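Engineer: Here you go, one structure.
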Amino acid sequence: MLLETGTPMLLSGDAYARGRAQAVCGPALAEAVREAVALRLAQAAPLLARGDVREFLDRQEADLEGLDPATADETRGIADGFDINYAALLTYLHLGLIRDFAQDGCSAWAWGTPGHDDTVLVKNRDYRGEHVALQRVFLHRDPARPGEAVLCVGSLGSPGAFSSGMNAKGLAIVDTHVSTRDHGPGLLRYFLMTRLLWTCGDVEAALAVIASLPHAGGGCIVLADAKGESAAVELGHSARAVDRGAPFVVKTNHFVDPACAPFWFPVGADPMATSTRGRYARLMTWLGARMEPPQLADIATLMGGHGEHGEEALCRHGQDGDSSTISCSVFAPSKRRLYFSAQHPCAGAWSVYDCRP
């Protein structure tokens, strides 16, 4: 595999300033962000006309100011920078939740042994095609918080850890989408991920924060830290479950725990639901057969794997409609390092990013 040194998009200042700074990407990409938001809102127009949906979105907007004012500020900065109505941008960010409309998937896992420094956290990002041009690695710094930094994989037009991230203390987090009936007022999972990265230094602290907050539901997060701890959380509004399985945990696009599994509701707009069990089984088999921590080259080969020997492909090339694998992230928390493929991981082109204050 080819490794190059990557340069993240630096976002500096308070939450509002960091959000607004995304718009320095240039006129062409700024227009692409506006078009992506407008397209998704237009596609969802019949749903957004419903009174119950509008009531839910209005409550989410009002509650966000109290639940997570930093995310509200960052989102407002993005809206102002790209000249998008703030309420419209929040609606766009909620579309995957309100009807499980999103065509995103993802395969994620962590390997870690407490007390060892060879922990890895891995995610293939399966997402809609328009996000290929909008995808970026961001490095967030706030002068008011010396010694801290957050390195995120996300998309222009979306706040914080829209896909994954790691902080300078060595806490790393990724997510996967799960279609579910269990939605309600609370924090979106990628808003939650950003909050955890700014406030927590390890998995235990993050789990405590998760337990203390209301969640909107719909998805899983997988966490790992520099101490070798790892965990996976299935997030519903009324039910949630924590997996501390060692030395590895795996999540794709369905719920496994008995507390959450009954709420899994794969719908037509969730094409990754057809492959989620196969991807989960492939990862569980591969990880379960290992006697030693996986090495980077082996991880890259696994996550770039197609449908060999009847196995479900992890590197997706359009089998799922508009969704395909647009990147792969491999976090090494003890090194505060991200190994990142900004395309199909089977291409073998990787960059290295460090999370430093």
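So you can find residues: chains in the structure tokens are A, B, ... in the order shown, residues in each start at 1, and ligands are numbered from 1 in order.
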Using DSSP on the backbone coordinates, identify the residues of range 164-245 of chain A assigned to helix (DSSP H, G or I); present them as a list in words.
Structural biologist: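 Written out, the helix (DSSP H, G or I) residues of range 164-245 of chain A are Arg189, Tyr190, Phe191, Leu192, Met193, Thr194, Arg195, Leu196, Leu197, Trp198, Thr199, Val203, Glu204, Ala205, Ala206, Leu207, Ala208, Val209, Ile210, Ala211 and Ser212 of chain A.
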Engineer: A:Val150, A:Leu29, A:Val122, A:Cys260: which is nearest Leu283 in chain A, counting only C-alpha atoms?
Structural biologist: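 Looking only at the distances to Leu283 in chain A, the closest residue turns out to be A:Val122.
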Engineer: Near range 129-137 of chain A, within 6 Å and counting only C-alpha atoms, which residues show up once chain neighbours fewer than 4 positions away are dropped, as a PyMOL selection string?
Structural biologist: chain A and resi 8+152-156
Engineer: Each residue of range 107-193 of chain A with at least one atom at most 10 Å from range 297-319 of chain A should appear once, together with its nearest atom pair and the corresponding distance in Å (one decimal); atoms considered: only C-alpha atoms; ordering: chain, then increasing residue number; output as a Markdown table.
Structural biologist:
| residue | atom | partner | partner_atom | distance |
| --- | --- | --- | --- | --- |
| A:Ser107 | CA | A:Leu314 | CA | 7.3 |
| A:Ala108 | CA | A:Met303 | CA | 9.7 |
| A:Val120 | CA | A:Ile299 | CA | 9.6 |
| A:Val122 | CA | A:Ile299 | CA | 8.3 |
| A:Lys123 | CA | A:Met303 | CA | 8.3 |
| A:Asn124 | CA | A:Met303 | CA | 6.8 |
| A:Arg125 | CA | A:Cys315 | CA | 9.2 |
| A:Asp126 | CA | A:Arg316 | CA | 7.3 |
| A:Tyr127 | CA | A:Arg316 | CA | 9.9 |
| A:Arg128 | CA | A:Gly318 | CA | 9.7 |
| A:Gly129 | CA | A:Gly318 | CA | 9.3 |
Engineer: Hey, which of A:Ala342, A:Ala70, A:Ala232, A:Ala205 ends up closest to Ala17 in chain A? Count only C-alpha atoms.
Structural biologist: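 Using only C-alpha atoms, the shortest distance to Ala17 in chain A belongs to A:Ala70.
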Engineer: Counting only C-alpha atoms, which residue out of A:Arg54, A:Arg40, A:Arg336, A:Arg20 sits closest to Ala79 in chain A?
Structural biologist: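 Answer, going by the shortest atom-to-atom distance: A:Arg20.
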Engineer: Write out as a Markdown table a residue-level contact list of range 163-242 of chain A versus range 83-99 of chain A with cut-off 10 Å: for each qualifying residue the closest pair of atoms and the distance in Å to one decimal, counting only C-alpha atoms, rows sorted by chain and residue number upward.
Structural biologist:
| residue | atom | partner | partner_atom | distance |
| --- | --- | --- | --- | --- |
| A:His177 | CA | A:Gly96 | CA | 8.5 |
| A:Val178 | CA | A:Leu97 | CA | 9.4 |
| A:Ser179 | CA | A:Leu97 | CA | 8.0 |
| A:Thr180 | CA | A:Leu97 | CA | 8.6 |
| A:Arg181 | CA | A:Arg99 | CA | 9.2 |
| A:Asp182 | CA | A:Leu97 | CA | 9.9 |
| A:His183 | CA | A:Leu97 | CA | 7.4 |
| A:Gly184 | CA | A:Ile98 | CA | 9.2 |
| A:Leu188 | CA | A:His94 | CA | 7.7 |
| A:Arg189 | CA | A:Leu97 | CA | 9.9 |
| A:Tyr190 | CA | A:Leu93 | CA | 9.5 |
| A:Phe191 | CA | A:Leu93 | CA | 9.9 |
| A:Ala216 | CA | A:Leu97 | CA | 7.8 |
| A:Gly217 | CA | A:Leu97 | CA | 7.6 |
| A:Gly218 | CA | A:Leu97 | CA | 6.5 |
| A:Gly219 | CA | A:Leu97 | CA | 9.3 |
Engineer: Would you output that residue set with N, CA and C atoms, as a compact mmCIF listing (two decimals), in the first residue's frame?
Structural biologist:
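File result.txt, as written:
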# COMPACT_ATOMS: atom_id res chain seq x y z
N HIS A 177 -24.99 3.59 10.11
CA HIS A 177 -26.42 3.88 10.05
C HIS A 177 -27.22 2.60 10.26
N VAL A 178 -28.32 2.68 10.99
CA VAL A 178 -29.25 1.57 11.14
C VAL A 178 -30.67 2.11 11.00
N SER A 179 -31.43 1.56 10.08
CA SER A 179 -32.85 1.93 9.96
C SER A 179 -33.60 1.34 11.15
N THR A 180 -34.42 2.15 11.80
CA THR A 180 -35.06 1.71 13.03
C THR A 180 -36.40 2.40 13.22
N ARG A 181 -37.28 1.75 13.95
CA ARG A 181 -38.53 2.37 14.36
C ARG A 181 -38.36 3.22 15.61
N ASP A 182 -37.23 3.09 16.28
CA ASP A 182 -37.04 3.68 17.60
C ASP A 182 -36.40 5.06 17.50
N HIS A 183 -37.20 6.05 17.06
CA HIS A 183 -36.74 7.44 16.97
C HIS A 183 -37.53 8.31 17.93
N GLY A 184 -36.94 9.43 18.33
CA GLY A 184 -37.62 10.39 19.18
C GLY A 184 -36.72 11.59 19.44
N LEU A 188 -28.72 13.82 17.63
CA LEU A 188 -28.28 13.01 16.50
C LEU A 188 -26.94 12.36 16.83
N ARG A 189 -26.69 11.19 16.27
CA ARG A 189 -25.48 10.47 16.68
C ARG A 189 -24.20 11.18 16.26
N TYR A 190 -24.18 11.87 15.11
CA TYR A 190 -22.95 12.56 14.74
C TYR A 190 -22.78 13.86 15.50
N PHE A 191 -23.86 14.45 16.00
CA PHE A 191 -23.71 15.54 16.96
C PHE A 191 -23.11 14.98 18.26
N ALA A 216 -31.69 10.65 19.58
CA ALA A 216 -32.72 10.62 18.55
C ALA A 216 -32.90 9.22 17.98
N GLY A 217 -31.87 8.36 18.13
CA GLY A 217 -31.97 6.98 17.67
C GLY A 217 -31.51 6.81 16.24
N GLY A 218 -31.20 5.56 15.89
CA GLY A 218 -30.85 5.26 14.51
C GLY A 218 -29.37 5.18 14.28
N GLY A 219 -28.75 4.07 14.64
CA GLY A 219 -27.34 3.89 14.32
C GLY A 219 -26.55 3.29 15.45
Engineer: Can you tell me, as a list in words, what residues are no more than 6 Å from range 354-357 of chain A when counting only C-alpha atoms, ignoring any on the same chain fewer than 5 positions away?
Structural biologist: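 In the requested form, the answer reads Gly147, Glu148, Ala149, Leu151, Ala168, Arg336 and Arg337 of chain A.
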Engineer: Selected residues, N, CA, C and O atoms, written as a compact mmCIF listing (two decimals), in the first residue's frame, please.
Structural biologist:
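Generated output (out_14.txt):
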# COMPACT_ATOMS: atom_id res chain seq x y z
N GLY A 147 -4.03 22.66 23.99
CA GLY A 147 -3.72 21.25 24.24
C GLY A 147 -4.75 20.29 23.68
O GLY A 147 -4.57 19.08 23.78
N GLU A 148 -5.85 20.81 23.10
CA GLU A 148 -6.89 19.96 22.54
C GLU A 148 -6.96 20.13 21.03
O GLU A 148 -6.60 21.16 20.48
N ALA A 149 -7.43 19.09 20.36
CA ALA A 149 -7.67 19.11 18.93
C ALA A 149 -8.57 17.93 18.58
O ALA A 149 -8.59 16.92 19.30
N LEU A 151 -9.58 15.62 15.11
CA LEU A 151 -9.37 15.28 13.71
C LEU A 151 -10.60 14.52 13.23
O LEU A 151 -10.95 13.49 13.80
N ALA A 168 -7.01 14.58 20.51
CA ALA A 168 -5.60 14.57 20.87
C ALA A 168 -5.31 13.75 22.11
O ALA A 168 -4.15 13.48 22.42
N ARG A 336 -2.20 8.66 17.91
CA ARG A 336 -2.99 9.84 17.49
C ARG A 336 -2.91 9.99 15.99
O ARG A 336 -2.73 11.07 15.44
N ARG A 337 -3.07 8.88 15.27
CA ARG A 337 -2.83 8.87 13.83
C ARG A 337 -4.02 8.25 13.09
O ARG A 337 -4.64 7.30 13.56
Engineer: Residues at most 10 Å from range 3-5 of chain A, counting only C-alpha atoms, excluding those fewer than 3 positions away in the same chain, as a list in words?
Structural biologist: Pro8, Tyr339, Phe340, Ser341, Gly348, Ala349, Trp350, Ser351, Val352, Tyr353 and Asp354 of chain A
Engineer: Separation of CA of Pro247 in chain A and CA of Ser230 in chain A, in Å?
Structural biologist: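 Result for CA of Pro247 in chain A versus CA of Ser230 in chain A: 8.1 Å, one decimal.
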Engineer: I'd like to know which of A:Gly105, A:Thr194, A:Phe263, A:Val242 is closest to Arg277 in chain A, using only C-alpha atoms.
Structural biologist: A:Gly105
Engineer: Closest to Ala224 in chain A among A:His254, A:Arg34, A:Arg141, A:His116, using only C-alpha atoms?
Structural biologist: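 Comparing A:His254, A:Arg34, A:Arg141, A:His116 against Ala224 in chain A, the winner is A:His116.
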Engineer: I'd like the neighbourhood of Arg18 in chain A as an MDAnalysis selection string, where a residue qualifies if any of its atoms comes within 9 Å (using only C-alpha atoms), though same-chain residues fewer than 5 positions away should be ignored.
Structural biologist: chainID A and resid 10:13 74 77:78 140:142
Engineer: I need the residues of range 149-347 of chain A that end up classed as strand (DSSP E) by DSSP on the backbone, written out as a PyMOL selection string.
Structural biologist: chain A and resi 150-155+164-167+172-176+220-224+230-235+240-243+248-251+323-332+337-341
Engineer: Just the number, please: distance in Å from CA of Asn253 in chain A to CA of Met291 in chain A, one decimal.
Structural biologist: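 These atoms are spaced 26.5 Å apart.
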Engineer: For a test of reading the model, state the distance in Å between CA of Asp175 in chain A and CA of Thr325 in chain A, rounded to one decimal.
Structural biologist: 14.3 Å
Engineer: List as a ChimeraX atom specification the protein and nucleic acid residues near Gly115 in chain A, meaning an atom at most 12 Å away when only C-alpha atoms are counted, but skip any in the same chain fewer than 6 places from it.
Structural biologist: /A:225-230,247,334
Engineer: Got time to write the residues from that selection, C-alpha atoms, as an mmCIF file, in the first residue's frame?
Structural biologist:
data_model
loop_
_atom_site.group_PDB
_atom_site.id
_atom_site.type_symbol
_atom_site.label_atom_id
_atom_site.label_comp_id
_atom_site.auth_asym_id
_atom_site.auth_seq_id
_atom_site.Cartn_x
_atom_site.Cartn_y
_atom_site.Cartn_z
ATOM 1 C CA ASP A 225 -8.904 4.751 23.026
ATOM 2 C CA ALA A 226 -5.180 4.921 23.655
ATOM 3 C CA LYS A 227 -5.526 2.670 26.728
ATOM 4 C CA GLY A 228 -6.627 -0.274 24.602
ATOM 5 C CA GLU A 229 -10.297 -0.049 25.581
ATOM 6 C CA SER A 230 -13.025 -0.446 22.971
ATOM 7 C CA PRO A 247 -10.569 -8.111 21.860
ATOM 8 C CA SER A 334 -2.034 5.454 20.797
#
